[in-house]
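Student: Structure file model-v1.cif, mmCIF, C-alpha atoms, is pasted below:
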data_target
loop_
_atom_site.label_atom_id
_atom_site.label_comp_id
_atom_site.auth_asym_id
_atom_site.auth_seq_id
_atom_site.Cartn_x
_atom_site.Cartn_y
_atom_site.Cartn_z
CA MET A 1 -18.61 25.28 -11.26
CA LYS A 2 -17.11 25.46 -14.76
CA TYR A 3 -14.88 28.38 -13.77
CA LEU A 4 -13.18 26.44 -10.97
CA GLN A 5 -9.63 25.21 -11.50
CA PRO A 6 -9.00 21.44 -11.00
CA SER A 7 -7.34 22.02 -7.62
CA GLU A 8 -10.28 24.17 -6.54
CA ARG A 9 -12.78 21.57 -7.67
CA VAL A 10 -11.36 18.85 -5.46
CA GLY A 11 -11.28 21.26 -2.53
CA VAL A 12 -14.95 22.13 -2.99
CA PHE A 13 -15.80 18.44 -3.45
CA LEU A 14 -14.07 17.44 -0.20
CA ALA A 15 -15.72 20.27 1.70
CA ALA A 16 -19.13 19.23 0.36
CA VAL A 17 -18.60 15.61 1.37
CA GLU A 18 -17.54 16.58 4.89
CA SER A 19 -20.55 18.89 5.31
CA MET A 20 -23.00 16.09 4.52
CA GLY A 21 -23.00 15.09 8.17
CA ALA A 22 -24.39 18.49 9.18
CA PRO A 23 -27.85 18.46 10.80
CA SER A 24 -29.16 21.23 8.53
CA PRO A 25 -31.31 19.81 5.68
CA ARG A 26 -30.58 22.85 3.53
CA SER A 27 -26.81 22.45 3.93
CA THR A 28 -27.08 18.74 3.15
CA GLU A 29 -29.13 19.40 0.01
CA LEU A 30 -26.61 21.94 -1.27
CA ALA A 31 -23.69 19.62 -0.49
CA ALA A 32 -25.34 16.72 -2.31
CA HIS A 33 -25.94 18.90 -5.37
CA MET A 34 -22.32 20.04 -5.43
CA VAL A 35 -21.05 16.47 -5.13
CA ASP A 36 -23.33 15.34 -7.98
CA VAL A 37 -22.22 18.15 -10.31
CA LEU A 38 -18.50 17.90 -9.56
CA ALA A 39 -18.45 14.08 -9.77
CA ALA A 40 -20.19 14.15 -13.15
CA GLU A 41 -18.14 16.96 -14.68
CA THR A 42 -14.64 16.47 -13.25
CA ASP A 43 -11.99 13.91 -14.16
CA PHE A 44 -10.08 13.86 -10.88
CA HIS A 45 -6.46 12.72 -11.08
CA SER A 46 -5.15 9.77 -9.09
CA GLY A 47 -3.99 11.65 -5.99
CA GLN A 48 -7.30 13.50 -5.77
CA VAL A 49 -9.26 10.26 -6.04
CA LEU A 50 -7.40 8.80 -3.04
CA HIS A 51 -8.27 11.86 -0.95
CA ILE A 52 -11.91 11.70 -2.02
CA VAL A 53 -12.23 8.02 -1.07
CA TRP A 54 -10.70 8.75 2.33
CA ALA A 55 -13.09 11.67 2.86
CA ILE A 56 -16.14 9.54 2.07
CA TYR A 57 -14.88 6.75 4.31
CA ARG A 58 -14.44 9.13 7.25
CA THR A 59 -17.71 10.99 6.72
CA LEU A 60 -20.14 8.20 5.84
CA PRO A 61 -20.94 7.09 9.43
CA SER A 62 -22.28 10.56 10.27
CA VAL A 63 -24.43 10.96 7.13
CA ARG A 64 -28.15 10.51 7.81
CA ALA A 65 -30.00 12.17 4.92
CA ALA A 66 -31.13 9.87 2.10
CA LEU A 67 -30.34 12.57 -0.46
CA ALA A 68 -26.73 12.74 0.71
CA LEU A 69 -26.34 8.95 0.76
CA GLN A 70 -27.66 8.73 -2.79
CA SER A 71 -25.21 11.42 -3.90
CA LEU A 72 -22.24 9.59 -2.34
CA ASP A 73 -23.40 6.37 -3.97
CA ARG A 74 -23.42 8.01 -7.41
CA ALA A 75 -20.02 9.60 -6.80
CA LEU A 76 -18.44 6.27 -5.83
CA LEU A 77 -19.92 4.56 -8.88
CA LEU A 78 -18.54 7.27 -11.18
CA LEU A 79 -15.10 7.14 -9.55
CA ALA A 80 -14.98 3.34 -9.81
CA SER A 81 -15.99 3.48 -13.48
CA ARG A 82 -13.53 6.21 -14.46
CA ARG A 83 -10.60 5.59 -12.12
CA PRO A 84 -10.90 1.98 -10.95
CA ARG A 85 -7.23 1.56 -10.02
CA GLU A 86 -7.11 4.59 -7.73
CA THR A 87 -10.59 4.07 -6.27
CA VAL A 88 -10.00 0.41 -5.44
CA ALA A 89 -6.54 1.07 -4.03
CA GLY A 90 -7.86 3.95 -1.95
CA LEU A 91 -10.57 1.88 -0.32
CA LEU A 92 -8.23 -1.05 0.30
CA GLN A 93 -5.90 1.36 2.09
CA CYS A 94 -8.77 2.84 4.14
CA SER A 95 -9.84 -0.56 5.45
CA PRO A 96 -7.63 -3.54 4.48
CA THR A 97 -9.81 -5.93 6.47
CA CYS A 98 -13.27 -4.43 5.78
CA THR A 99 -13.79 -4.25 9.55
CA ARG A 100 -17.36 -3.70 10.55
CA TYR A 101 -17.12 -0.47 12.47
CA GLY A 102 -13.66 0.75 11.45
CA ALA A 103 -14.69 4.23 10.38
CA GLN A 104 -17.01 4.87 13.30
CA GLN A 105 -14.18 4.23 15.69
CA GLY A 106 -11.98 6.66 13.80
CA SER A 107 -8.73 6.16 11.99
CA SER A 108 -5.34 7.23 13.20
CA ARG A 109 -4.01 7.26 9.68
CA THR A 110 -3.89 10.30 7.44
CA PRO A 111 -4.84 10.33 3.75
CA PRO A 112 -1.99 9.30 1.45
CA LYS A 113 -0.07 12.02 -0.30
CA PRO A 114 -0.64 12.24 -4.05
CA SER A 115 2.07 10.05 -5.77
CA ALA A 116 -30.19 -1.20 -7.48
CA GLY A 117 -29.84 1.99 -8.92
CA PRO A 118 -27.85 4.91 -7.80
CA GLY A 119 -28.32 5.51 -4.10
CA ALA A 120 -29.52 2.05 -3.14
CA ALA A 121 -26.25 0.67 -1.80
CA LEU A 122 -25.55 3.28 0.85
CA LEU A 123 -29.19 3.75 1.79
CA THR A 124 -29.82 0.10 2.58
CA ALA A 125 -26.47 -0.59 4.19
CA ARG A 126 -26.34 1.77 7.16
CA GLY A 127 -26.11 -0.02 10.49
CA SER A 128 -25.96 -3.49 8.97
CA ARG A 129 -22.43 -3.77 7.54
CA SER A 130 -19.06 -2.07 7.58
CA VAL A 131 -18.41 1.34 6.10
CA ALA A 132 -15.95 -0.22 3.65
CA VAL A 133 -18.37 -2.95 2.53
CA THR A 134 -21.06 -0.30 2.07
CA MET A 135 -18.71 1.63 -0.21
CA TRP A 136 -17.72 -1.49 -2.17
CA ARG A 137 -21.37 -2.23 -2.84
CA ALA A 138 -21.96 1.30 -4.07
CA MET A 139 -19.00 1.03 -6.43
CA VAL A 140 -20.40 -2.13 -8.07
CA SER A 141 -24.09 -1.18 -8.00
CA GLU A 142 -24.19 -0.96 -11.81
CA PRO A 143 -22.41 -2.99 -14.54
CA PRO A 144 -19.67 -0.52 -15.60
CA GLY A 145 -18.41 -0.24 -12.06
CA THR A 146 -18.76 -3.96 -11.42
CA GLU A 147 -16.61 -4.94 -14.40
CA ARG A 148 -13.83 -2.47 -13.64
CA VAL A 149 -13.72 -3.09 -9.89
CA LEU A 150 -13.62 -6.89 -10.28
CA ARG A 151 -10.90 -6.70 -12.92
CA GLU A 152 -8.86 -4.35 -10.77
CA LEU A 153 -9.18 -6.66 -7.75
CA LEU A 154 -8.08 -9.54 -10.00
CA ARG A 155 -5.06 -7.53 -11.14
CA ILE A 156 -4.07 -6.85 -7.53
CA LEU A 157 -4.50 -10.50 -6.56
CA MET A 158 -2.16 -11.52 -9.35
CA ASN A 159 0.45 -8.89 -8.44
CA GLN A 160 2.06 -10.42 -5.37
CA SER A 161 5.63 -10.07 -6.56
CA GLY A 162 8.13 -8.27 -4.41
CA CYS A 163 8.93 -8.66 -0.74
CA LYS A 164 9.17 -5.52 1.38
CA THR A 165 9.50 -4.91 5.08
CA SER A 166 6.68 -2.35 5.15
CA THR A 167 3.26 -3.53 6.28
CA SER A 168 1.36 -0.65 4.70
CA PRO A 169 -1.05 -1.83 1.96
CA GLU A 170 -0.24 1.05 -0.38
CA ASP A 171 3.43 0.08 -0.86
CA HIS A 172 3.40 -3.67 -0.30
CA PRO A 173 1.95 -5.85 -3.13
CA ARG A 174 1.52 -8.87 -0.84
CA ILE A 175 -0.48 -6.94 1.74
CA LEU A 176 -2.57 -5.26 -0.95
CA ALA A 177 -3.34 -8.69 -2.43
CA LEU A 178 -4.46 -9.92 0.98
CA ALA A 179 -6.75 -6.92 1.30
CA ALA A 180 -8.14 -7.48 -2.22
CA ALA A 181 -9.51 -10.89 -1.27
CA ARG A 182 -11.69 -9.41 1.48
CA PRO A 183 -14.34 -7.47 -0.51
CA LEU A 184 -14.66 -10.16 -3.18
CA HIS A 185 -16.98 -12.27 -1.04
CA GLU A 186 -19.43 -9.39 -0.65
CA ILE A 187 -19.21 -8.31 -4.30
CA LEU A 188 -19.70 -11.81 -5.69
CA LEU A 189 -22.91 -12.19 -3.69
CA LEU A 190 -24.52 -9.39 -5.71
CA PRO A 191 -26.61 -10.17 -8.84
CA THR A 192 -24.78 -7.42 -10.76
CA SER A 193 -21.51 -9.35 -10.48
CA GLN A 194 -22.63 -12.62 -12.06
CA GLY A 195 -21.97 -11.70 -15.69
CA GLU A 196 -18.48 -10.34 -15.06
CA ALA A 197 -17.66 -13.22 -12.68
CA LYS A 198 -18.35 -15.65 -15.52
CA ALA A 199 -16.22 -13.61 -17.92
CA ILE A 200 -13.13 -13.72 -15.69
CA PHE A 201 -13.89 -16.97 -13.86
CA PRO A 202 -10.75 -18.97 -14.87
CA GLN A 203 -8.35 -16.17 -13.96
CA LEU A 204 -10.12 -15.23 -10.72
CA PHE A 205 -10.49 -18.84 -9.61
CA LEU A 206 -6.78 -19.52 -10.09
CA ALA A 207 -5.79 -16.24 -8.44
CA LEU A 208 -7.82 -17.06 -5.33
CA LEU A 209 -6.52 -20.62 -5.26
CA PHE A 210 -2.95 -19.34 -5.39
CA GLN A 211 -3.86 -16.86 -2.66
CA VAL A 212 -4.73 -19.77 -0.38
CA SER A 213 -1.17 -21.10 -0.64
CA PHE A 214 0.27 -17.61 -0.36
CA THR A 215 -1.47 -16.94 2.96
CA THR A 216 0.22 -19.97 4.55
CA GLU A 217 3.58 -18.26 3.93
CA LEU A 218 2.81 -14.91 5.55
CA THR A 219 5.43 -13.26 7.69
CA LEU A 220 4.64 -12.24 11.26
CA GLN A 221 4.55 -8.57 10.24
CA GLU A 222 2.00 -9.30 7.51
CA VAL A 223 -0.16 -11.36 9.84
CA GLN A 224 -0.27 -8.51 12.35
CA VAL A 225 -1.87 -6.22 9.77
CA PHE A 226 -4.97 -8.40 9.96
CA TRP A 227 -4.95 -9.59 13.59
CA LYS A 228 -3.04 -7.23 15.86
CA LYS A 229 -4.30 -4.01 14.28
CA HIS A 230 -7.86 -5.24 13.78
CA ARG A 231 -8.70 -7.46 16.74
CA GLN A 232 -12.44 -7.10 16.18
CA ASP A 233 -12.09 -8.84 12.82
CA LEU A 234 -13.20 -12.46 13.03
CA LEU A 235 -12.02 -13.52 9.55
CA THR A 236 -8.40 -14.45 8.98
CA PRO A 237 -6.91 -13.76 5.52
CA LEU A 238 -7.03 -17.47 4.71
CA ARG A 239 -10.64 -17.86 5.79
CA SER A 240 -11.74 -14.81 3.81
CA THR A 241 -10.05 -16.14 0.66
CA VAL A 242 -11.85 -19.46 1.05
CA GLN A 243 -15.13 -17.59 1.44
CA ALA A 244 -14.40 -15.68 -1.76
CA LEU A 245 -13.73 -18.97 -3.59
CA LYS A 246 -17.09 -20.34 -2.45
CA ALA A 247 -18.89 -17.15 -3.48
CA LEU A 248 -17.21 -17.24 -6.90
CA LEU A 249 -18.32 -20.81 -7.57
CA ARG A 250 -21.89 -20.00 -6.50
CA SER A 251 -21.99 -16.82 -8.61
CA VAL A 252 -21.24 -18.79 -11.80
CA GLY A 253 -23.79 -21.51 -11.03
CA LEU A 254 -21.48 -24.07 -9.44
CA GLY A 255 -23.15 -24.26 -6.04
CA SER A 256 -23.23 -28.05 -6.28
CA GLN A 257 -19.43 -28.05 -6.50
CA VAL A 258 -19.25 -26.06 -3.28
CA LEU A 259 -21.28 -28.73 -1.53
CA ALA A 260 -19.26 -31.55 -3.10
CA ILE A 261 -15.98 -30.02 -1.94
CA GLU A 262 -17.47 -29.54 1.52
CA ALA A 263 -18.47 -33.22 1.64
CA GLN A 264 -14.91 -34.26 0.80
CA GLY A 265 -13.48 -32.01 3.48
CA GLY A 266 -11.74 -29.80 0.93
CA TRP A 267 -12.68 -26.45 2.42
CA ALA A 268 -11.61 -27.47 5.90
CA ALA A 269 -8.33 -28.80 4.50
CA LEU A 270 -7.56 -25.45 2.90
CA LEU A 271 -7.67 -23.78 6.32
CA SER A 272 -4.88 -25.94 7.72
CA ALA A 273 -1.21 -25.39 6.85
CA GLU A 274 -0.60 -29.13 7.14
CA SER A 275 -3.39 -30.20 4.78
CA HIS A 276 -3.87 -27.21 2.47
CA LEU A 277 -2.06 -28.84 -0.47
CA TRP A 278 -4.50 -31.72 -0.37
CA GLY A 279 -7.33 -29.21 -0.09
CA VAL A 280 -6.07 -27.41 -3.20
CA GLN A 281 -6.12 -30.73 -5.07
CA VAL A 282 -9.72 -31.37 -4.03
CA VAL A 283 -10.87 -27.86 -5.05
CA ALA A 284 -8.97 -27.91 -8.35
CA ARG A 285 -10.44 -31.19 -9.57
#
Show me the file's structure as structure tokens.
Tutor:
Amino acid sequence: MKYLQPSERVGVFLAAVESMGAPSPRSTELAAHMVDVLAAETDFHSGQVLHIVWAIYRTLPSVRAALALQSLDRALLLLASRRPRETVAGLLQCSPTCTRYGAQQGSSRTPPKPSAGPGAALLTARGSRSVAVTMWRAMVSEPPGTERVLRELLRILMNQSGCKTSTSPEDHPRILALAAARPLHEILLLPTSQGEAKAIFPQLFLALLFQVSFTTELTLQEVQVFWKKHRQDLLTPLRSTVQALKALLRSVGLGSQVLAIEAQGGWAALLSAESHLWGVQVVAR
């Protein structure tokens, strides 16, 4: 492997990932070994990381072997630790809404042009949650990945400046911020996220609270990204942000506050355009 050029390494890596769905145990074992070696020894550049994330997202539903799932888990954790910005952005672009069966149904989009322990997350997730959520959990399965992924999601949430006509997540800060709120609920439920959630609690709490107001001002084009294109998704952007707020409070030991806000009708108020300002006041107290 050490004699391969960087461009050759990513090509071999992508081929190995795509061959993990093959029925041959021998082929799967070789592919897993190649992915492990290349992920550990190669510092992929940003464009390559986006292609790798897309390849894993497309291939994961067809992977059955535990060895291959463990290898993909380790690769995602390494990518998230080394290249959090590209890895997070890549997965947000793959599935902005974390739809449950998005990858199984296939994607009409093409990869963007360049501009417990390891293995547990993917192994335990198959058939019970979305491909995207499975990948998010792999990326935060250990502390280094957790810290960098959460901080990158926070950065995206706070970067909502700019108003463009495009509704593609990769070139629209507002859409990318909407997408960033979706995986937070799942990540904040994990024990590995508690320490980092406490470290960035003030910033993340305010960012999500601002996101609540932001979602009431969405344009029709932006709304369609989450409803028209993903009709099977039951969570609206506003509802998912409220869920993330609840998960954040619980993760830092403020579960009693969640119940108190519920008793005052604060969460329900946040979901209504007419009463969301009052809801923000209740939550912020």
Student: Have a look at A:Met158, A:Arg148, A:His185, A:Leu270 and name the one nearest to Val133 of chain A; count all atoms listed in the file.
Tutor: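 Using all atoms listed in the file, the shortest distance to Val133 of chain A belongs to A:His185.
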Student: Using all atoms listed in the file, which residues sit within 9 Å of Gln211 of chain A once same-chain residues fewer than 2 positions away are excluded, as a ChimeraX atom specification?
Tutor: /A:157-158,177-178,181,206-209,213-216,238,241
Student: Between atom CA of Cys98 of chain A and atom CA of Thr236 of chain A, measure the distance and give it in Å to one decimal.
Tutor: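 So the answer is 11.6 Å.
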Student: Mind pulling up the distance from atom CA of Leu67 of chain A to atom CA of Glu29 of chain A?
Tutor: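 Taking atom CA of Glu29 of chain A as the start and atom CA of Leu67 of chain A as the end point, the length is 7.0 Å.
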Student: When you look at Gly265 of chain A with a cut-off of 12 Å (counting all atoms listed in the file), what residues show up, excluding the ones that are within fewer than 6 positions of it in the same chain? I need them as a ChimeraX atom specification.
Tutor: /A:258-259,271-272,275-276,278-283
Student: Output C-alpha atoms for every residue in the selection just made, as an mmCIF file, in the coordinates of the input.
Tutor:
data_model
loop_
_atom_site.group_PDB
_atom_site.id
_atom_site.type_symbol
_atom_site.label_atom_id
_atom_site.label_comp_id
_atom_site.auth_asym_id
_atom_site.auth_seq_id
_atom_site.Cartn_x
_atom_site.Cartn_y
_atom_site.Cartn_z
ATOM 1 C CA VAL A 258 -19.250 -26.060 -3.280
ATOM 2 C CA LEU A 259 -21.280 -28.730 -1.530
ATOM 3 C CA LEU A 271 -7.670 -23.780 6.320
ATOM 4 C CA SER A 272 -4.880 -25.940 7.720
ATOM 5 C CA SER A 275 -3.390 -30.200 4.780
ATOM 6 C CA HIS A 276 -3.870 -27.210 2.470
ATOM 7 C CA TRP A 278 -4.500 -31.720 -0.370
ATOM 8 C CA GLY A 279 -7.330 -29.210 -0.090
ATOM 9 C CA VAL A 280 -6.070 -27.410 -3.200
ATOM 10 C CA GLN A 281 -6.120 -30.730 -5.070
ATOM 11 C CA VAL A 282 -9.720 -31.370 -4.030
ATOM 12 C CA VAL A 283 -10.870 -27.860 -5.050
#
Student: Record the distance separating atom CA of Val12 of chain A and atom CA of Leu79 of chain A, expressed in Å with one decimal.
Tutor: 16.4 Å
Student: Padding 3 Å on every side, please: axis-aligned box over the listed atoms of segment 78-91 of chain A, centre and edge lengths to one decimal in Å, as lines of an AutoDock Vina configuration file.
Tutor:
center_x = -12.5
center_y = 3.8
center_z = -7.4
size_x = 18.0
size_y = 12.9
size_z = 20.1
Student: Evaluate the PyMOL selection byres ((chain A and resi 139) around 8) against this structure - the residues, as a PyMOL selection string, please.
Tutor: chain A and resi 73+76-80+135-138+140-142+145-146+149
Student: Would you translate the PyMOL selection byres ((chain A and resi 252) around 8) into the concrete set of residues it matches in this file, as a PyMOL selection string?
Tutor: chain A and resi 194+197-198+201+248-251+253-254
Student: Considering only C-alpha atoms, return as a PyMOL selection string whatever protein or nucleic-acid residues lie within 9 Å of Asn159 of chain A, sequence-local ones (same chain, fewer than 4 positions apart) excluded.
Tutor: chain A and resi 154-155+173-174+176-177
Student: Is it possible to add N, CA, C and O atoms to segment 238-251 of chain A and hand it back as a PDB file, in the coordinates of the input?
Tutor:
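Dumped to result.pdb:
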ATOM      1  N   LEU A 238      -6.794 -16.190   5.349  1.00  0.00           N
ATOM      2  CA  LEU A 238      -7.030 -17.470   4.710  1.00  0.00           C
ATOM      3  C   LEU A 238      -8.521 -17.782   4.638  1.00  0.00           C
ATOM      4  O   LEU A 238      -9.059 -18.194   3.612  1.00  0.00           O
ATOM      5  N   ARG A 239      -9.207 -17.566   5.739  1.00  0.00           N
ATOM      6  CA  ARG A 239     -10.640 -17.860   5.790  1.00  0.00           C
ATOM      7  C   ARG A 239     -11.429 -16.970   4.826  1.00  0.00           C
ATOM      8  O   ARG A 239     -12.389 -17.413   4.179  1.00  0.00           O
ATOM      9  N   SER A 240     -11.029 -15.716   4.714  1.00  0.00           N
ATOM     10  CA  SER A 240     -11.740 -14.810   3.810  1.00  0.00           C
ATOM     11  C   SER A 240     -11.508 -15.196   2.350  1.00  0.00           C
ATOM     12  O   SER A 240     -12.406 -15.057   1.514  1.00  0.00           O
ATOM     13  N   THR A 241     -10.320 -15.698   2.033  1.00  0.00           N
ATOM     14  CA  THR A 241     -10.050 -16.140   0.660  1.00  0.00           C
ATOM     15  C   THR A 241     -10.878 -17.370   0.321  1.00  0.00           C
ATOM     16  O   THR A 241     -11.408 -17.489  -0.791  1.00  0.00           O
ATOM     17  N   VAL A 242     -11.015 -18.275   1.268  1.00  0.00           N
ATOM     18  CA  VAL A 242     -11.850 -19.460   1.050  1.00  0.00           C
ATOM     19  C   VAL A 242     -13.308 -19.049   0.849  1.00  0.00           C
ATOM     20  O   VAL A 242     -14.009 -19.593  -0.004  1.00  0.00           O
ATOM     21  N   GLN A 243     -13.765 -18.081   1.626  1.00  0.00           N
ATOM     22  CA  GLN A 243     -15.130 -17.590   1.440  1.00  0.00           C
ATOM     23  C   GLN A 243     -15.322 -17.001   0.050  1.00  0.00           C
ATOM     24  O   GLN A 243     -16.366 -17.195  -0.579  1.00  0.00           O
ATOM     25  N   ALA A 244     -14.314 -16.261  -0.425  1.00  0.00           N
ATOM     26  CA  ALA A 244     -14.400 -15.680  -1.760  1.00  0.00           C
ATOM     27  C   ALA A 244     -14.454 -16.764  -2.829  1.00  0.00           C
ATOM     28  O   ALA A 244     -15.182 -16.644  -3.825  1.00  0.00           O
ATOM     29  N   LEU A 245     -13.691 -17.833  -2.646  1.00  0.00           N
ATOM     30  CA  LEU A 245     -13.730 -18.970  -3.590  1.00  0.00           C
ATOM     31  C   LEU A 245     -15.131 -19.577  -3.648  1.00  0.00           C
ATOM     32  O   LEU A 245     -15.651 -19.853  -4.728  1.00  0.00           O
ATOM     33  N   LYS A 246     -15.734 -19.785  -2.484  1.00  0.00           N
ATOM     34  CA  LYS A 246     -17.090 -20.340  -2.450  1.00  0.00           C
ATOM     35  C   LYS A 246     -18.081 -19.417  -3.155  1.00  0.00           C
ATOM     36  O   LYS A 246     -18.936 -19.862  -3.941  1.00  0.00           O
ATOM     37  N   ALA A 247     -17.974 -18.110  -2.869  1.00  0.00           N
ATOM     38  CA  ALA A 247     -18.890 -17.150  -3.480  1.00  0.00           C
ATOM     39  C   ALA A 247     -18.711 -17.116  -4.996  1.00  0.00           C
ATOM     40  O   ALA A 247     -19.690 -16.986  -5.740  1.00  0.00           O
ATOM     41  N   LEU A 248     -17.463 -17.229  -5.464  1.00  0.00           N
ATOM     42  CA  LEU A 248     -17.210 -17.240  -6.900  1.00  0.00           C
ATOM     43  C   LEU A 248     -17.872 -18.433  -7.566  1.00  0.00           C
ATOM     44  O   LEU A 248     -18.527 -18.292  -8.611  1.00  0.00           O
ATOM     45  N   LEU A 249     -17.708 -19.608  -6.992  1.00  0.00           N
ATOM     46  CA  LEU A 249     -18.320 -20.810  -7.570  1.00  0.00           C
ATOM     47  C   LEU A 249     -19.846 -20.680  -7.604  1.00  0.00           C
ATOM     48  O   LEU A 249     -20.490 -21.037  -8.595  1.00  0.00           O
ATOM     49  N   ARG A 250     -20.424 -20.166  -6.523  1.00  0.00           N
ATOM     50  CA  ARG A 250     -21.890 -20.000  -6.500  1.00  0.00           C
ATOM     51  C   ARG A 250     -22.352 -18.967  -7.524  1.00  0.00           C
ATOM     52  O   ARG A 250     -23.403 -19.137  -8.154  1.00  0.00           O
ATOM     53  N   SER A 251     -21.572 -17.901  -7.708  1.00  0.00           N
ATOM     54  CA  SER A 251     -21.990 -16.820  -8.610  1.00  0.00           C
ATOM     55  C   SER A 251     -22.016 -17.264 -10.063  1.00  0.00           C
ATOM     56  O   SER A 251     -22.715 -16.667 -10.880  1.00  0.00           O
TER      57      SER A 251
END
